[in-house]
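Trainee: Have a look at this one.
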Amino acid sequence: MRVGVTLTVSADFTHIPAQAKRLEEAGFDLIASGEHVFFHAPVPNGLIALAAAGGATERIRLLSALTLLPTYPAALAAKQVATLDGVTNGRFEFGIGVGGEYPSELRACGLDPKDRGAYTDEALEVIQKLFTGERVEHSGRFVTIEGDRLLPPPVQRPGPPIWVGGRKPAAMRRAGRFADVWMPYLMTPEQVASSLASAREHAEAAGRKPADLAGAYFAWCNVGRDGDHARRAGIEMLSRAYNQDMGPVADRYLVLGSPDQVVERLSAYAAAGAETVIIATACPPDDADEVLDLLASDVLPALRNV
């Protein structure tokens with residue numbers, strides 16, 4: 001099982017290069033960053049955060065988890081992704097989502113929230129064409145490209161791996177059509193298994209091989225020697241971040257507890273088809289170093305055998 005970790009969420013982004021280097025040295029496979037324009041808590045721009053992480057590292061893969069594609073013009077997103085892939089020597093992986101948890105950020109970026117899914121589908125179609133480096137003609141509902149080329153294209157050919165996140169049927173259809181990796185969140189292992197099967201059916205309907213679509217899981221996680229304390233702290237942190245009580249869904253959707261409990265829970269997601277897990281630390285910023293150390297020492301080695 002591949003294991004990635006998200007950069008710690010904090011109002012101070014100066015920690016990113018040092019933390020990225022530390023995660024690489026600890027042996028994690030990926031560094032991830034989510035993003036919002038506006039949200040209930042401090043959040044960076046994911047592509048810029050990963051550029052900082054990429055400059056401080058040499059080998060570890062870099063995943064946007066997730067880029068909110070409806071907040072970008074399609075051509076600009078393609079340009080930024082191609083540049084990031086170039087400056088990191090082909091280490092970038094492009095995770096996309098449609099957003100919607102904070103609708104005002106979509107309106108502020110010029111898109112009606114109800115159009116976010118349709119826009120994302122069209123934008124992905126255009127971005128994949130632009131990644132070829134060939135001239136693109138496109139006149140659609142949201143995007144117009146007038147025979148222009150994206151130069152230079154991404155280092156990776158035919159482009160960085162595309163991850164699609166979400167939990168709804170539309171996201172599964174989108175993953176089947178466009179994605180290399182399907183990554184849901186806030187699901188049980190059983191739901192991950194069924195959603196991955198559905199996404200692979202959509203891949204087959206789109207003329208692709210079902211096996212071409214890999215499975216992953218985005219896991220909000222807090223780990224501690226005192227498992228009960230880790231659980232309580234994780235629920236408290238996420239309740240603030242999502243502006244709702246996460247306690248009622250904690251045992252179904254979150255990964256909280258002692259190292260053994262976390263390994264057992266993540267192993268269940270692996271058995272459900274998640275070949276990669278992206279761990280988002282659900283802990284206070286002051287506890288982040290301790291949590292990352294425990295993930296590296298007690299969780300990561302155990303998951304290598306899953």
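Each chain of the structure tokens is named A, B, ... in the order shown, its residues numbered from 1; ligands are numbered from 1 in display order.
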Env of region 271-282 of chain A: 8 Å cut, atoms = only C-alpha atoms, seq-sep filter 4 positions within chain, self excluded. Answer as a PDB file with all heavy atoms, in the first residue's frame.

Mentor:
ATOM      1  N   MET A   1       0.842  -1.190   0.000  1.00  0.00           N
ATOM      2  CA  MET A   1       0.000   0.000   0.000  1.00  0.00           C
ATOM      3  C   MET A   1       0.881   1.245   0.000  1.00  0.00           C
ATOM      4  O   MET A   1       1.811   1.358   0.800  1.00  0.00           O
ATOM      5  CB  MET A   1      -0.906  -0.003   1.233  1.00  0.00           C
ATOM      6  CG  MET A   1      -1.966   1.087   1.224  1.00  0.00           C
ATOM      7  SD  MET A   1      -2.984   1.064   2.723  1.00  0.00           S
ATOM      8  CE  MET A   1      -4.501   1.772   2.086  1.00  0.00           C
ATOM      9  N   ARG A   2       0.588   2.167  -0.924  1.00  0.00           N
ATOM     10  CA  ARG A   2       1.286   3.449  -0.909  1.00  0.00           C
ATOM     11  C   ARG A   2       0.638   4.356   0.138  1.00  0.00           C
ATOM     12  O   ARG A   2      -0.585   4.346   0.303  1.00  0.00           O
ATOM     13  CB  ARG A   2       1.225   4.145  -2.269  1.00  0.00           C
ATOM     14  CG  ARG A   2       2.016   3.475  -3.366  1.00  0.00           C
ATOM     15  CD  ARG A   2       2.293   4.454  -4.508  1.00  0.00           C
ATOM     16  NE  ARG A   2       1.077   5.093  -5.016  1.00  0.00           N
ATOM     17  CZ  ARG A   2       1.088   6.139  -5.861  1.00  0.00           C
ATOM     18  NH1 ARG A   2       2.225   6.654  -6.271  1.00  0.00           N
ATOM     19  NH2 ARG A   2      -0.055   6.650  -6.291  1.00  0.00           N
ATOM     20  N   VAL A   3       1.453   5.155   0.795  1.00  0.00           N
ATOM     21  CA  VAL A   3       0.956   6.020   1.861  1.00  0.00           C
ATOM     22  C   VAL A   3       1.437   7.449   1.618  1.00  0.00           C
ATOM     23  O   VAL A   3       2.643   7.692   1.483  1.00  0.00           O
ATOM     24  CB  VAL A   3       1.431   5.544   3.249  1.00  0.00           C
ATOM     25  CG1 VAL A   3       0.854   6.452   4.338  1.00  0.00           C
ATOM     26  CG2 VAL A   3       1.020   4.092   3.491  1.00  0.00           C
ATOM     27  N   GLY A   4       0.485   8.368   1.546  1.00  0.00           N
ATOM     28  CA  GLY A   4       0.803   9.780   1.442  1.00  0.00           C
ATOM     29  C   GLY A   4       0.276  10.521   2.648  1.00  0.00           C
ATOM     30  O   GLY A   4      -0.591  10.030   3.371  1.00  0.00           O
ATOM     31  N   VAL A   5       0.792  11.726   2.860  1.00  0.00           N
ATOM     32  CA  VAL A   5       0.379  12.558   3.986  1.00  0.00           C
ATOM     33  C   VAL A   5       0.159  13.978   3.473  1.00  0.00           C
ATOM     34  O   VAL A   5       0.947  14.488   2.664  1.00  0.00           O
ATOM     35  CB  VAL A   5       1.438  12.572   5.104  1.00  0.00           C
ATOM     36  CG1 VAL A   5       0.982  13.455   6.258  1.00  0.00           C
ATOM     37  CG2 VAL A   5       1.719  11.169   5.610  1.00  0.00           C
ATOM     38  N   THR A   6      -0.896  14.612   3.947  1.00  0.00           N
ATOM     39  CA  THR A   6      -1.128  16.000   3.574  1.00  0.00           C
ATOM     40  C   THR A   6      -0.251  16.921   4.416  1.00  0.00           C
ATOM     41  O   THR A   6       0.091  16.614   5.561  1.00  0.00           O
ATOM     42  CB  THR A   6      -2.593  16.412   3.775  1.00  0.00           C
ATOM     43  OG1 THR A   6      -2.925  16.303   5.154  1.00  0.00           O
ATOM     44  CG2 THR A   6      -3.524  15.537   2.954  1.00  0.00           C
ATOM     45  N   LEU A   7       0.111  18.041   3.838  1.00  0.00           N
ATOM     46  CA  LEU A   7       0.810  19.069   4.589  1.00  0.00           C
ATOM     47  C   LEU A   7      -0.087  19.566   5.722  1.00  0.00           C
ATOM     48  O   LEU A   7      -1.303  19.671   5.567  1.00  0.00           O
ATOM     49  CB  LEU A   7       1.178  20.229   3.671  1.00  0.00           C
ATOM     50  CG  LEU A   7       2.212  19.907   2.585  1.00  0.00           C
ATOM     51  CD1 LEU A   7       2.232  21.001   1.537  1.00  0.00           C
ATOM     52  CD2 LEU A   7       3.594  19.709   3.205  1.00  0.00           C
ATOM     53  N   THR A   8       0.501  19.872   6.852  1.00  0.00           N
ATOM     54  CA  THR A   8      -0.252  20.328   8.010  1.00  0.00           C
ATOM     55  C   THR A   8      -0.934  21.660   7.712  1.00  0.00           C
ATOM     56  O   THR A   8      -0.313  22.582   7.168  1.00  0.00           O
ATOM     57  CB  THR A   8       0.679  20.495   9.219  1.00  0.00           C
ATOM     58  OG1 THR A   8       1.307  19.247   9.490  1.00  0.00           O
ATOM     59  CG2 THR A   8      -0.102  20.930  10.443  1.00  0.00           C
ATOM     60  N   LEU A  30       3.952   9.978  -0.937  1.00  0.00           N
ATOM     61  CA  LEU A  30       3.395  11.198  -1.515  1.00  0.00           C
ATOM     62  C   LEU A  30       3.240  12.275  -0.442  1.00  0.00           C
ATOM     63  O   LEU A  30       2.983  11.976   0.726  1.00  0.00           O
ATOM     64  CB  LEU A  30       2.017  10.964  -2.137  1.00  0.00           C
ATOM     65  CG  LEU A  30       1.858   9.917  -3.228  1.00  0.00           C
ATOM     66  CD1 LEU A  30       1.264   8.642  -2.643  1.00  0.00           C
ATOM     67  CD2 LEU A  30       0.966  10.419  -4.352  1.00  0.00           C
ATOM     68  N   ALA A  32       0.705  15.559  -0.058  1.00  0.00           N
ATOM     69  CA  ALA A  32      -0.527  16.072  -0.652  1.00  0.00           C
ATOM     70  C   ALA A  32      -0.893  17.410  -0.033  1.00  0.00           C
ATOM     71  O   ALA A  32      -0.514  17.724   1.096  1.00  0.00           O
ATOM     72  CB  ALA A  32      -1.670  15.081  -0.454  1.00  0.00           C
ATOM     73  N   PRO A 189     -15.238   1.373   4.500  1.00  0.00           N
ATOM     74  CA  PRO A 189     -14.566   0.496   3.536  1.00  0.00           C
ATOM     75  C   PRO A 189     -15.551  -0.168   2.560  1.00  0.00           C
ATOM     76  O   PRO A 189     -15.240  -0.315   1.377  1.00  0.00           O
ATOM     77  CB  PRO A 189     -13.871  -0.534   4.426  1.00  0.00           C
ATOM     78  CG  PRO A 189     -13.604   0.204   5.699  1.00  0.00           C
ATOM     79  CD  PRO A 189     -14.801   1.086   5.887  1.00  0.00           C
ATOM     80  N   GLU A 190     -16.705  -0.551   3.061  1.00  0.00           N
ATOM     81  CA  GLU A 190     -17.700  -1.183   2.188  1.00  0.00           C
ATOM     82  C   GLU A 190     -18.166  -0.219   1.099  1.00  0.00           C
ATOM     83  O   GLU A 190     -18.348  -0.603  -0.067  1.00  0.00           O
ATOM     84  CB  GLU A 190     -18.886  -1.655   3.020  1.00  0.00           C
ATOM     85  CG  GLU A 190     -18.573  -2.772   4.006  1.00  0.00           C
ATOM     86  CD  GLU A 190     -17.845  -2.292   5.256  1.00  0.00           C
ATOM     87  OE1 GLU A 190     -17.834  -1.065   5.532  1.00  0.00           O
ATOM     88  OE2 GLU A 190     -17.257  -3.151   5.955  1.00  0.00           O
ATOM     89  N   VAL A 192     -16.386   2.280  -0.086  1.00  0.00           N
ATOM     90  CA  VAL A 192     -15.265   2.450  -1.013  1.00  0.00           C
ATOM     91  C   VAL A 192     -15.257   1.324  -2.044  1.00  0.00           C
ATOM     92  O   VAL A 192     -15.088   1.555  -3.241  1.00  0.00           O
ATOM     93  CB  VAL A 192     -13.919   2.491  -0.252  1.00  0.00           C
ATOM     94  CG1 VAL A 192     -12.745   2.379  -1.212  1.00  0.00           C
ATOM     95  CG2 VAL A 192     -13.810   3.779   0.557  1.00  0.00           C
ATOM     96  N   ALA A 193     -15.470   0.095  -1.588  1.00  0.00           N
ATOM     97  CA  ALA A 193     -15.473  -1.038  -2.510  1.00  0.00           C
ATOM     98  C   ALA A 193     -16.575  -0.897  -3.555  1.00  0.00           C
ATOM     99  O   ALA A 193     -16.341  -1.114  -4.756  1.00  0.00           O
ATOM    100  CB  ALA A 193     -15.639  -2.346  -1.736  1.00  0.00           C
ATOM    101  N   LEU A 196     -15.827   2.129  -5.974  1.00  0.00           N
ATOM    102  CA  LEU A 196     -14.766   1.813  -6.928  1.00  0.00           C
ATOM    103  C   LEU A 196     -15.301   0.896  -8.023  1.00  0.00           C
ATOM    104  O   LEU A 196     -14.990   1.075  -9.211  1.00  0.00           O
ATOM    105  CB  LEU A 196     -13.588   1.168  -6.205  1.00  0.00           C
ATOM    106  CG  LEU A 196     -12.408   0.735  -7.076  1.00  0.00           C
ATOM    107  CD1 LEU A 196     -11.832   1.915  -7.857  1.00  0.00           C
ATOM    108  CD2 LEU A 196     -11.316   0.090  -6.211  1.00  0.00           C
ATOM    109  N   ALA A 214      -7.318   2.975 -10.784  1.00  0.00           N
ATOM    110  CA  ALA A 214      -6.869   2.494  -9.482  1.00  0.00           C
ATOM    111  C   ALA A 214      -7.728   3.105  -8.375  1.00  0.00           C
ATOM    112  O   ALA A 214      -8.368   4.142  -8.558  1.00  0.00           O
ATOM    113  CB  ALA A 214      -5.402   2.837  -9.260  1.00  0.00           C
ATOM    114  N   GLY A 215      -7.704   2.480  -7.215  1.00  0.00           N
ATOM    115  CA  GLY A 215      -8.461   2.964  -6.072  1.00  0.00           C
ATOM    116  C   GLY A 215      -7.553   3.576  -5.014  1.00  0.00           C
ATOM    117  O   GLY A 215      -6.414   3.144  -4.814  1.00  0.00           O
ATOM    118  N   ALA A 216      -8.069   4.599  -4.341  1.00  0.00           N
ATOM    119  CA  ALA A 216      -7.367   5.232  -3.228  1.00  0.00           C
ATOM    120  C   ALA A 216      -8.408   5.682  -2.206  1.00  0.00           C
ATOM    121  O   ALA A 216      -9.609   5.639  -2.467  1.00  0.00           O
ATOM    122  CB  ALA A 216      -6.529   6.410  -3.708  1.00  0.00           C
ATOM    123  N   TYR A 217      -7.931   6.139  -1.048  1.00  0.00           N
ATOM    124  CA  TYR A 217      -8.837   6.674  -0.047  1.00  0.00           C
ATOM    125  C   TYR A 217      -8.182   7.847   0.658  1.00  0.00           C
ATOM    126  O   TYR A 217      -6.995   7.794   1.014  1.00  0.00           O
ATOM    127  CB  TYR A 217      -9.231   5.614   0.987  1.00  0.00           C
ATOM    128  CG  TYR A 217     -10.273   6.119   1.972  1.00  0.00           C
ATOM    129  CD1 TYR A 217     -11.552   6.452   1.525  1.00  0.00           C
ATOM    130  CD2 TYR A 217      -9.977   6.299   3.323  1.00  0.00           C
ATOM    131  CE1 TYR A 217     -12.513   6.935   2.407  1.00  0.00           C
ATOM    132  CE2 TYR A 217     -10.939   6.778   4.201  1.00  0.00           C
ATOM    133  CZ  TYR A 217     -12.201   7.100   3.737  1.00  0.00           C
ATOM    134  OH  TYR A 217     -13.152   7.587   4.602  1.00  0.00           O
ATOM    135  N   PHE A 218      -8.950   8.919   0.844  1.00  0.00           N
ATOM    136  CA  PHE A 218      -8.506  10.096   1.573  1.00  0.00           C
ATOM    137  C   PHE A 218      -9.014   9.961   3.003  1.00  0.00           C
ATOM    138  O   PHE A 218     -10.227   9.978   3.236  1.00  0.00           O
ATOM    139  CB  PHE A 218      -9.063  11.362   0.921  1.00  0.00           C
ATOM    140  CG  PHE A 218      -8.580  12.650   1.546  1.00  0.00           C
ATOM    141  CD1 PHE A 218      -7.481  13.310   1.030  1.00  0.00           C
ATOM    142  CD2 PHE A 218      -9.230  13.194   2.640  1.00  0.00           C
ATOM    143  CE1 PHE A 218      -7.034  14.500   1.591  1.00  0.00           C
ATOM    144  CE2 PHE A 218      -8.796  14.379   3.215  1.00  0.00           C
ATOM    145  CZ  PHE A 218      -7.686  15.035   2.676  1.00  0.00           C
ATOM    146  N   ALA A 219      -8.090   9.780   3.945  1.00  0.00           N
ATOM    147  CA  ALA A 219      -8.459   9.435   5.319  1.00  0.00           C
ATOM    148  C   ALA A 219      -8.109  10.562   6.279  1.00  0.00           C
ATOM    149  O   ALA A 219      -6.926  10.869   6.479  1.00  0.00           O
ATOM    150  CB  ALA A 219      -7.740   8.164   5.751  1.00  0.00           C
ATOM    151  N   TRP A 220      -9.141  11.155   6.882  1.00  0.00           N
ATOM    152  CA  TRP A 220      -8.896  12.035   8.015  1.00  0.00           C
ATOM    153  C   TRP A 220      -8.480  11.163   9.188  1.00  0.00           C
ATOM    154  O   TRP A 220      -9.191  10.230   9.569  1.00  0.00           O
ATOM    155  CB  TRP A 220     -10.146  12.823   8.362  1.00  0.00           C
ATOM    156  CG  TRP A 220     -10.396  14.009   7.487  1.00  0.00           C
ATOM    157  CD1 TRP A 220     -11.382  14.168   6.562  1.00  0.00           C
ATOM    158  CD2 TRP A 220      -9.643  15.232   7.478  1.00  0.00           C
ATOM    159  NE1 TRP A 220     -11.289  15.410   5.964  1.00  0.00           N
ATOM    160  CE2 TRP A 220     -10.235  16.086   6.516  1.00  0.00           C
ATOM    161  CE3 TRP A 220      -8.532  15.684   8.200  1.00  0.00           C
ATOM    162  CZ2 TRP A 220      -9.734  17.361   6.246  1.00  0.00           C
ATOM    163  CZ3 TRP A 220      -8.037  16.950   7.936  1.00  0.00           C
ATOM    164  CH2 TRP A 220      -8.643  17.777   6.976  1.00  0.00           C
ATOM    165  N   CYS A 221      -7.310  11.469   9.769  1.00  0.00           N
ATOM    166  CA  CYS A 221      -6.702  10.536  10.718  1.00  0.00           C
ATOM    167  C   CYS A 221      -6.028  11.285  11.869  1.00  0.00           C
ATOM    168  O   CYS A 221      -5.362  12.301  11.643  1.00  0.00           O
ATOM    169  CB  CYS A 221      -5.674   9.677   9.975  1.00  0.00           C
ATOM    170  SG  CYS A 221      -4.665   8.599  11.023  1.00  0.00           S
ATOM    171  N   ASN A 222      -6.190  10.757  13.054  1.00  0.00           N
ATOM    172  CA  ASN A 222      -5.381  11.198  14.194  1.00  0.00           C
ATOM    173  C   ASN A 222      -4.950   9.962  14.953  1.00  0.00           C
ATOM    174  O   ASN A 222      -5.752   9.059  15.203  1.00  0.00           O
ATOM    175  CB  ASN A 222      -6.153  12.143  15.106  1.00  0.00           C
ATOM    176  CG  ASN A 222      -5.230  12.846  16.102  1.00  0.00           C
ATOM    177  OD1 ASN A 222      -4.029  12.992  15.845  1.00  0.00           O
ATOM    178  ND2 ASN A 222      -5.770  13.288  17.222  1.00  0.00           N
ATOM    179  N   ALA A 233      -9.556  14.358  20.150  1.00  0.00           N
ATOM    180  CA  ALA A 233      -8.913  15.518  19.529  1.00  0.00           C
ATOM    181  C   ALA A 233      -9.224  15.587  18.040  1.00  0.00           C
ATOM    182  O   ALA A 233      -9.415  16.685  17.484  1.00  0.00           O
ATOM    183  CB  ALA A 233      -7.398  15.458  19.753  1.00  0.00           C
ATOM    184  N   GLY A 234      -9.271  14.446  17.381  1.00  0.00           N
ATOM    185  CA  GLY A 234      -9.590  14.425  15.961  1.00  0.00           C
ATOM    186  C   GLY A 234     -11.000  14.901  15.686  1.00  0.00           C
ATOM    187  O   GLY A 234     -11.237  15.677  14.746  1.00  0.00           O
ATOM    188  N   ILE A 235     -11.946  14.440  16.475  1.00  0.00           N
ATOM    189  CA  ILE A 235     -13.343  14.864  16.298  1.00  0.00           C
ATOM    190  C   ILE A 235     -13.471  16.367  16.542  1.00  0.00           C
ATOM    191  O   ILE A 235     -14.143  17.081  15.783  1.00  0.00           O
ATOM    192  CB  ILE A 235     -14.263  14.075  17.245  1.00  0.00           C
ATOM    193  CG1 ILE A 235     -14.323  12.609  16.820  1.00  0.00           C
ATOM    194  CG2 ILE A 235     -15.671  14.686  17.270  1.00  0.00           C
ATOM    195  CD1 ILE A 235     -15.032  11.711  17.813  1.00  0.00           C
ATOM    196  N   MET A 237     -11.171  18.740  16.217  1.00  0.00           N
ATOM    197  CA  MET A 237     -10.537  19.500  15.150  1.00  0.00           C
ATOM    198  C   MET A 237     -11.394  19.511  13.894  1.00  0.00           C
ATOM    199  O   MET A 237     -11.616  20.547  13.258  1.00  0.00           O
ATOM    200  CB  MET A 237      -9.153  18.920  14.852  1.00  0.00           C
ATOM    201  CG  MET A 237      -8.389  19.631  13.745  1.00  0.00           C
ATOM    202  SD  MET A 237      -8.718  18.894  12.120  1.00  0.00           S
ATOM    203  CE  MET A 237      -7.530  19.737  11.101  1.00  0.00           C
ATOM    204  N   LEU A 238     -11.919  18.355  13.505  1.00  0.00           N
ATOM    205  CA  LEU A 238     -12.709  18.268  12.279  1.00  0.00           C
ATOM    206  C   LEU A 238     -14.069  18.938  12.421  1.00  0.00           C
ATOM    207  O   LEU A 238     -14.610  19.469  11.444  1.00  0.00           O
ATOM    208  CB  LEU A 238     -12.864  16.809  11.860  1.00  0.00           C
ATOM    209  CG  LEU A 238     -11.579  16.157  11.354  1.00  0.00           C
ATOM    210  CD1 LEU A 238     -11.783  14.666  11.141  1.00  0.00           C
ATOM    211  CD2 LEU A 238     -11.103  16.808  10.065  1.00  0.00           C
ATOM    212  N   LEU A 266      -7.038   1.293   8.354  1.00  0.00           N
ATOM    213  CA  LEU A 266      -6.535   1.558   7.000  1.00  0.00           C
ATOM    214  C   LEU A 266      -6.373   0.255   6.215  1.00  0.00           C
ATOM    215  O   LEU A 266      -6.541   0.252   4.988  1.00  0.00           O
ATOM    216  CB  LEU A 266      -5.219   2.324   7.067  1.00  0.00           C
ATOM    217  CG  LEU A 266      -5.335   3.756   7.604  1.00  0.00           C
ATOM    218  CD1 LEU A 266      -3.948   4.412   7.670  1.00  0.00           C
ATOM    219  CD2 LEU A 266      -6.266   4.605   6.731  1.00  0.00           C
ATOM    220  N   SER A 267      -6.062  -0.834   6.890  1.00  0.00           N
ATOM    221  CA  SER A 267      -5.975  -2.132   6.210  1.00  0.00           C
ATOM    222  C   SER A 267      -7.321  -2.547   5.646  1.00  0.00           C
ATOM    223  O   SER A 267      -7.393  -3.189   4.589  1.00  0.00           O
ATOM    224  CB  SER A 267      -5.462  -3.199   7.177  1.00  0.00           C
ATOM    225  OG  SER A 267      -4.149  -2.908   7.612  1.00  0.00           O
ATOM    226  N   ALA A 288       1.177  18.241  15.560  1.00  0.00           N
ATOM    227  CA  ALA A 288       1.437  17.673  14.231  1.00  0.00           C
ATOM    228  C   ALA A 288       2.741  16.895  14.176  1.00  0.00           C
ATOM    229  O   ALA A 288       2.795  15.793  13.599  1.00  0.00           O
ATOM    230  CB  ALA A 288       1.433  18.777  13.190  1.00  0.00           C
ATOM    231  N   VAL A 291       2.342  13.501  15.802  1.00  0.00           N
ATOM    232  CA  VAL A 291       1.489  12.623  15.007  1.00  0.00           C
ATOM    233  C   VAL A 291       2.242  12.111  13.782  1.00  0.00           C
ATOM    234  O   VAL A 291       2.201  10.912  13.459  1.00  0.00           O
ATOM    235  CB  VAL A 291       0.200  13.354  14.600  1.00  0.00           C
ATOM    236  CG1 VAL A 291      -0.576  12.551  13.554  1.00  0.00           C
ATOM    237  CG2 VAL A 291      -0.675  13.587  15.827  1.00  0.00           C
TER     238      VAL A 291
END

Trainee: Report as JSON lines the residues of region 40-136 of chain A within 7 Å of region 155-167 of chain A, each with its shortest atom pair and distance in Å (one decimal), using only C-alpha atoms, ordered by chain and increasing residue number.

Mentor:
{"residue": "A:Asp85", "atom": "CA", "partner": "A:Val155", "partner_atom": "CA", "distance": 6.1}
{"residue": "A:Gly86", "atom": "CA", "partner": "A:Val155", "partner_atom": "CA", "distance": 5.5}
{"residue": "A:Asn89", "atom": "CA", "partner": "A:Val155", "partner_atom": "CA", "distance": 6.7}
{"residue": "A:Gly90", "atom": "CA", "partner": "A:Val155", "partner_atom": "CA", "distance": 5.2}
{"residue": "A:Phe92", "atom": "CA", "partner": "A:Pro160", "partner_atom": "CA", "distance": 6.1}
{"residue": "A:Glu93", "atom": "CA", "partner": "A:Pro161", "partner_atom": "CA", "distance": 5.1}
{"residue": "A:Phe94", "atom": "CA", "partner": "A:Ile162", "partner_atom": "CA", "distance": 4.8}
{"residue": "A:Gly95", "atom": "CA", "partner": "A:Trp163", "partner_atom": "CA", "distance": 4.2}
{"residue": "A:Ile96", "atom": "CA", "partner": "A:Val164", "partner_atom": "CA", "distance": 5.2}
{"residue": "A:Gly97", "atom": "CA", "partner": "A:Gly165", "partner_atom": "CA", "distance": 5.4}
{"residue": "A:Phe131", "atom": "CA", "partner": "A:Gly159", "partner_atom": "CA", "distance": 5.8}
{"residue": "A:Thr132", "atom": "CA", "partner": "A:Pro158", "partner_atom": "CA", "distance": 6.3}

Trainee: CA of Gly224 (chain A) to CA of Tyr253 (chain A): how many Å, to one decimal?

Mentor: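 Atom-to-atom, CA of Gly224 (chain A) and CA of Tyr253 (chain A) are spaced 18.0 Å apart.
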
Trainee: Got a sec: who's within 12 Å of Arg208 (chain A), counting only C-alpha atoms, leaving out chain neighbours fewer than 2 positions off, as a ChimeraX atom specification?

Mentor: /A:175-180,199-206,210-213

Trainee: Excluding Asp251 (chain A) and residues on its chain fewer than 3 positions from it, collect all residues at most 12 Å away from it, counting only C-alpha atoms, and give them as a compact mmCIF listing (two decimals) with N, CA, C and O atoms, in the first residue's frame.

Mentor:
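New file result02.txt:
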# COMPACT_ATOMS: atom_id res chain seq x y z
N LEU A 186 -14.57 10.25 3.46
CA LEU A 186 -15.73 10.11 4.35
C LEU A 186 -16.65 8.98 3.90
O LEU A 186 -17.85 9.15 3.69
N MET A 187 -16.06 7.80 3.76
CA MET A 187 -16.78 6.59 3.40
C MET A 187 -16.33 5.44 4.29
O MET A 187 -15.21 5.46 4.82
N THR A 188 -17.18 4.45 4.43
CA THR A 188 -16.77 3.20 5.05
C THR A 188 -15.99 2.37 4.04
O THR A 188 -16.08 2.60 2.82
N PRO A 189 -15.24 1.37 4.50
CA PRO A 189 -14.57 0.50 3.54
C PRO A 189 -15.55 -0.17 2.56
O PRO A 189 -15.24 -0.32 1.38
N TRP A 220 -9.14 11.15 6.88
CA TRP A 220 -8.90 12.04 8.02
C TRP A 220 -8.48 11.16 9.19
O TRP A 220 -9.19 10.23 9.57
N CYS A 221 -7.31 11.47 9.77
CA CYS A 221 -6.70 10.54 10.72
C CYS A 221 -6.03 11.29 11.87
O CYS A 221 -5.36 12.30 11.64
N ARG A 231 -8.77 10.14 19.43
CA ARG A 231 -10.12 10.16 18.88
C ARG A 231 -10.83 11.46 19.23
O ARG A 231 -11.41 12.12 18.36
N ARG A 232 -10.78 11.84 20.49
CA ARG A 232 -11.47 13.07 20.92
C ARG A 232 -10.88 14.29 20.22
O ARG A 232 -11.62 15.17 19.74
N GLY A 234 -9.27 14.45 17.38
CA GLY A 234 -9.59 14.42 15.96
C GLY A 234 -11.00 14.90 15.69
O GLY A 234 -11.24 15.68 14.75
N ILE A 235 -11.95 14.44 16.47
CA ILE A 235 -13.34 14.86 16.30
C ILE A 235 -13.47 16.37 16.54
O ILE A 235 -14.14 17.08 15.78
N MET A 246 -18.79 16.32 14.08
CA MET A 246 -18.36 15.11 13.38
C MET A 246 -18.41 13.87 14.27
O MET A 246 -18.12 12.77 13.81
N GLY A 247 -18.78 14.05 15.53
CA GLY A 247 -18.82 12.91 16.44
C GLY A 247 -19.71 11.77 15.98
O GLY A 247 -19.30 10.60 16.02
N PRO A 248 -20.94 12.05 15.49
CA PRO A 248 -21.82 10.96 15.10
C PRO A 248 -21.31 10.10 13.94
O PRO A 248 -21.76 8.96 13.79
N LEU A 254 -14.02 8.18 9.90
CA LEU A 254 -12.72 8.72 10.28
C LEU A 254 -11.80 7.60 10.75
O LEU A 254 -12.24 6.50 11.07
N VAL A 255 -10.51 7.91 10.79
CA VAL A 255 -9.50 6.94 11.22
C VAL A 255 -8.79 7.53 12.43
O VAL A 255 -7.88 8.36 12.30
N LEU A 256 -9.22 7.12 13.62
CA LEU A 256 -8.79 7.76 14.85
C LEU A 256 -8.45 6.70 15.88
O LEU A 256 -9.16 5.70 16.02
N GLY A 257 -7.35 6.91 16.62
CA GLY A 257 -7.05 5.99 17.70
C GLY A 257 -5.57 5.72 17.85
O GLY A 257 -4.71 6.51 17.44
N GLN A 261 -4.94 0.57 16.09
CA GLN A 261 -6.29 0.83 15.59
C GLN A 261 -6.26 1.49 14.22
O GLN A 261 -7.07 1.16 13.33
N VAL A 262 -5.34 2.40 14.02
CA VAL A 262 -5.22 3.08 12.73
C VAL A 262 -4.78 2.11 11.64
O VAL A 262 -5.33 2.11 10.53
N ARG A 265 -7.73 -0.12 10.73
CA ARG A 265 -8.74 0.59 9.96
C ARG A 265 -8.27 0.84 8.53
O ARG A 265 -9.02 0.62 7.57

Trainee: Let me make sure I understand: among A:Glu146, A:Arg91, A:Arg61, A:Val37, which one has the smallest atom-to-atom distance to Arg107 (chain A) if we use only C-alpha atoms?

Mentor: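 Using only C-alpha atoms, the shortest distance to Arg107 (chain A) belongs to A:Val37.
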
Trainee: A:Tyr72, A:Tyr119, A:Tyr102, A:Tyr269: which is nearest Ala41 (chain A), counting only C-alpha atoms?

Mentor: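 Closest candidate: A:Tyr102.
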
Trainee: Just the strand (DSSP E) stuff from region 99-155 of chain A, please, per backbone DSSP, written as JSON, numbers by chain.

Mentor: {"A": [136, 137, 138, 139, 144, 145, 146, 147, 148]}

Trainee: Name all residues at most 10 Å from Arg225 (chain A) (count only C-alpha atoms; drop same-chain ones fewer than 5 positions away) and give them as a VMD selection string.

Mentor: chain A and resid 230 257 to 260 291 294

Trainee: Could you give me the residues within region 119-161 of chain A that DSSP places in helix (DSSP H, G or I), as a list in words?

Mentor: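 Assigned to helix (DSSP H, G or I), within region 119-161 of chain A: Tyr119, Thr120, Asp121, Glu122, Ala123, Leu124, Glu125, Val126, Ile127, Gln128, Lys129 and Leu130 of chain A.
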
Trainee: I'd like the interatomic distance between CA of Ala18 (chain A) and CA of Ala56 (chain A), to a tenth of an Å.

Mentor: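 Computing the Euclidean distance for CA of Ala18 (chain A) and CA of Ala56 (chain A) yields 7.2 Å.
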
Trainee: Name the closest residue to Asp293 (chain A) among the candidates A:Pro42, A:Pro70, A:Pro169, A:Gly27; distances are taken between atoms, counting only C-alpha atoms.

Mentor: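 Checking each of A:Pro42, A:Pro70, A:Pro169, A:Gly27 against Asp293 (chain A), counting only C-alpha atoms, the winner is A:Gly27.
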